[in-house]
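Note sheet for the following structure.
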Amino acid sequence: MADNLTEATSPATPRSPRAAIVVIDFGSQYSMLIARRIRELNTYCEVVSYNATAAELDHLDIRGFILSGGPNSVYDEGAPHAAEWVFTSGLPILGICYGMQLLAEQLGGKVGPGREREFGPATIAASQNVPLLADLPSELDVWMSHGDRIEELPPGFSSVAVSENSPVAIMADIPRGYYGLQFHPEVVHTPRGKELIANYVHGVCGAEANWTPGNFVQEAISSIRAQVGTGRIICGLSGGVDSAVAATLVHRAIGDRLTCIFVDNGLLRAGEAEDVVNTFERNLQMNLRHIDASKLFMSGLVEVTNPETKRIRIGNTFIEVFEAEAKKIEGAHFLCQGTLYPDVIESASHGAGSARIKSHHNVGGLPERMELELVEPLRFLFKDEVRRIGAELGLSDEILWRQPFPGPGLAVRIIGEVTEEKVSVLQAADSIFLEEVHAAGLYRDLWQSFAVLTDSRTVGVMGDFRTYGNAIVLRAVVAEDAMTADWARLPYELLARVSNRIVNEVQAVNRVAYDITSKPPGTIEWE
Ligand code: XMP
């Protein structure tokens, strides 16, 4: 597990103390979800490793802790425990599943293996009206998860709710503000879980709901100014939401001392390069260098058919072009990146210590080589928060809700060698698909929707002529994140309209197929 989550803090971290809840992570898949739920309540929350020290968190005004679940049993040898300073802080603690067993064991109770493991839906009945359950009914549907049971409650605690199989579904020591839950309040299968979390955060811990987009923007602007002084910042724009919001924040903070570089690799969706220029240069009045490097990218792709070789060639050309342009910007010592909180946690938990550079920003190695200091104003934000902050900054829905797009662009959606002609064919087919998805009001419901140009040619008939054209595949998926995805059940009428239009309007194409593979076993992209 992570041993340096909090060391990953960059100088751009908002420093002003604000009410915060700290989730102490014992290896649960849900720790991030707990943090998101709390942030949705407009209270700030950070996830730290179980062995974080108090000193590492002194930038926060901590109002309470949550001990997460975890894969271990508290009585396992070497099982992680909560640090002593958490208990001596005098602050409230909420233990969830493993976290509850830890509370029980570390405070003098006894935990042992349960006769039966209990996972899944259950109903709990409260026997006492405790602050944690304020305004909630005495019976609650919850998502249970436990293999161990509390054999003896620690001194000061009592059981305040039971389920059919669990005599201690909730335990409480009200004066100290200590609570333990045998179930997961953060998952959607606990329908009133968010209210329970709100009772803990706002009621038991007394943490204010002051984590709002407006407050964040003010703090981020101050900390960017403090970090860069009178310096200049470079930012790579990709057209995606993260770099757009990061650049807009930096622009608010330092105005013309920000220069954005937009490398057009010639592998973008139809009209995308113009959109980026219109938005950032014309509307937002940013200093934008638009480099049309499509010829250079294309020349690096001649006769390349292997997907990984395509990625490497494109990545290298990107760095070459970006670096050459960045060098022209005199006095720029800072590089702005749209790194998000999940990347920070992920890279810290792999022991990297600082955020992994997202592959689609493609500037790996550049900060060190050019001795640029990173400015990462979004490194404590989740994606939904980035969108809220983007809206606060006045960015359009079109930018904020744009579907993800891979760094290597259409090159990984053209099977076989990439040529300018194939890029044009794919752009045309893809824009028809996107136009119709928008018109059907489905764009935001889909994680991604795009066309793929296969290297298969098929026989067809149009009027009195036989044709021998290219086959296009449509791909649309729904997903929570890109780790898994399901193919979207698009309406037949929509698919019919798209197929008709593509075959009629895109000359080289005479066949359209729809990809009905989920991930796994498929991937979202074809290459
Ligand atoms: P796959 O195809 O692996 O994609 O299911 C998962 C997500 O990652 C995006 N993707 C990439 N993004 N560089 C990127 O920046 C890449 O090389 C790359 N390959 C895939 C893909 O669009 C999806 O959102």
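The chains in the structure tokens are called A, B, ... from first to last as shown; in each chain the residues are counted from 1, and the ligands are counted from 1 in the order shown.
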
Quiz item: Residues at most 12 Å from Ser424 in chain A, counting only C-alpha atoms, excluding those fewer than 5 positions away in the same chain, as a PyMOL selection string?
Solution: chain A and resi 266-271+410-411+414+418-419+429-431+453+506-509

Quiz item: Could you list, as a PyMOL selection string, all the residues within 6 Å of ligand 1, counting only C-alpha atoms and all ligand atoms?
Solution: chain A and resi 311+359-360+404-408+482+523-525

Deliver the residues from the most recent selection as a file, using C-alpha atoms, as a compact mmCIF listing (two decimals), in the first residue's frame.
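Result saved to result_36.txt:
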# COMPACT_ATOMS: atom_id res chain seq x y z
CA ARG A 311 1.82 5.04 -30.33
CA SER A 359 -0.02 9.27 -21.35
CA HIS A 360 -2.27 11.49 -23.41
CA PRO A 404 -12.37 11.07 -23.87
CA PHE A 405 -10.13 10.88 -26.91
CA PRO A 406 -6.86 8.93 -27.05
CA GLY A 407 -3.58 10.82 -27.43
CA PRO A 408 -2.64 8.93 -30.64
CA ALA A 482 -12.40 3.08 -18.81
CA THR A 523 -10.82 -3.01 -25.32
CA ILE A 524 -12.63 0.23 -26.07
CA GLU A 525 -10.29 1.23 -28.89

Exercise. Mind the document's chain letters and residue numbers, and return as a list in words the residues of range 259-292 of chain A that DSSP labels strand (DSSP E).
Key: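 Reading the DSSP output for range 259-292 of chain A, strand (DSSP E) covers Thr259, Cys260, Ile261, Phe262, Val263, Asp264, Asn287, Leu288, Arg289, His290, Ile291 and Asp292 of chain A.
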
Output for the residues just chosen: N, CA and C atoms as a compact mmCIF listing (two decimals), in the first residue's frame:
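Contents of result25.txt, as written:
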# COMPACT_ATOMS: atom_id res chain seq x y z
N THR A 259 1.33 30.65 -21.70
CA THR A 259 1.27 30.38 -23.14
C THR A 259 0.83 28.93 -23.33
N CYS A 260 -0.23 28.73 -24.11
CA CYS A 260 -0.70 27.38 -24.38
C CYS A 260 -0.13 26.91 -25.71
N ILE A 261 0.23 25.64 -25.73
CA ILE A 261 0.72 25.05 -26.98
C ILE A 261 -0.27 23.98 -27.39
N PHE A 262 -0.77 24.09 -28.60
CA PHE A 262 -1.69 23.08 -29.10
C PHE A 262 -1.05 22.44 -30.33
N VAL A 263 -0.66 21.19 -30.18
CA VAL A 263 -0.01 20.48 -31.28
C VAL A 263 -1.08 19.74 -32.07
N ASP A 264 -1.28 20.16 -33.30
CA ASP A 264 -2.24 19.50 -34.17
C ASP A 264 -1.50 18.38 -34.90
N ASN A 287 -3.11 33.28 -24.88
CA ASN A 287 -1.95 33.19 -25.75
C ASN A 287 -1.87 31.77 -26.25
N LEU A 288 -2.15 31.53 -27.52
CA LEU A 288 -2.17 30.14 -27.99
C LEU A 288 -1.23 29.98 -29.17
N ARG A 289 -0.37 28.97 -29.08
CA ARG A 289 0.47 28.63 -30.25
C ARG A 289 -0.12 27.37 -30.85
N HIS A 290 -0.67 27.53 -32.04
CA HIS A 290 -1.27 26.40 -32.73
C HIS A 290 -0.26 25.88 -33.74
N ILE A 291 0.29 24.69 -33.46
CA ILE A 291 1.32 24.16 -34.35
C ILE A 291 0.69 23.09 -35.23
N ASP A 292 0.61 23.33 -36.50
CA ASP A 292 0.11 22.29 -37.40
C ASP A 292 1.28 21.40 -37.80

Quiz item: When distances are computed from only C-alpha atoms, which of A:Ser518, A:Gln285, A:Asn42, A:Gln337 shows the smallest separation from Pro213 in chain A?
Solution: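 Distance minimum relative to Pro213 in chain A lands on A:Asn42.
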
Practice problem: Rounded to one decimal place, report the CA of Ser456 in chain A-CA of Pro521 in chain A distance in Å. | Solution: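 So the answer is 22.2 Å.
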
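Between CA of Ala485 in chain A and CA of Lys519 in chain A lies a distance of 4.9 Å.
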
Quiz item: What is the distance between CA of Asn470 in chain A and CA of Gly315 in chain A, in Å to one decimal?
Solution: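 Distance reported for this atom pair: 28.0 Å.
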
Tell me, counting only C-alpha atoms, for each residue of range 239-343 of chain A within 9 Å of range 385-401 of chain A, which pair of atoms is nearest and how far apart they are in Å to one decimal, in rows ordered by chain and increasing number, as CSV.
residue,atom,partner,partner_atom,distance
A:Gly239,CA,A:Ile399,CA,7.7
A:Gly240,CA,A:Ile399,CA,7.0
A:Val241,CA,A:Leu400,CA,5.3
A:Asp242,CA,A:Val386,CA,7.0
A:Ala244,CA,A:Ile399,CA,7.7
A:Val245,CA,A:Gly390,CA,5.4
A:Ala246,CA,A:Gly390,CA,8.7
A:Thr248,CA,A:Leu393,CA,7.3
A:Leu249,CA,A:Leu393,CA,7.6
A:Arg252,CA,A:Leu393,CA,8.8
A:Thr279,CA,A:Ile399,CA,8.9
A:Leu284,CA,A:Leu395,CA,9.0
A:Leu340,CA,A:Val386,CA,8.5
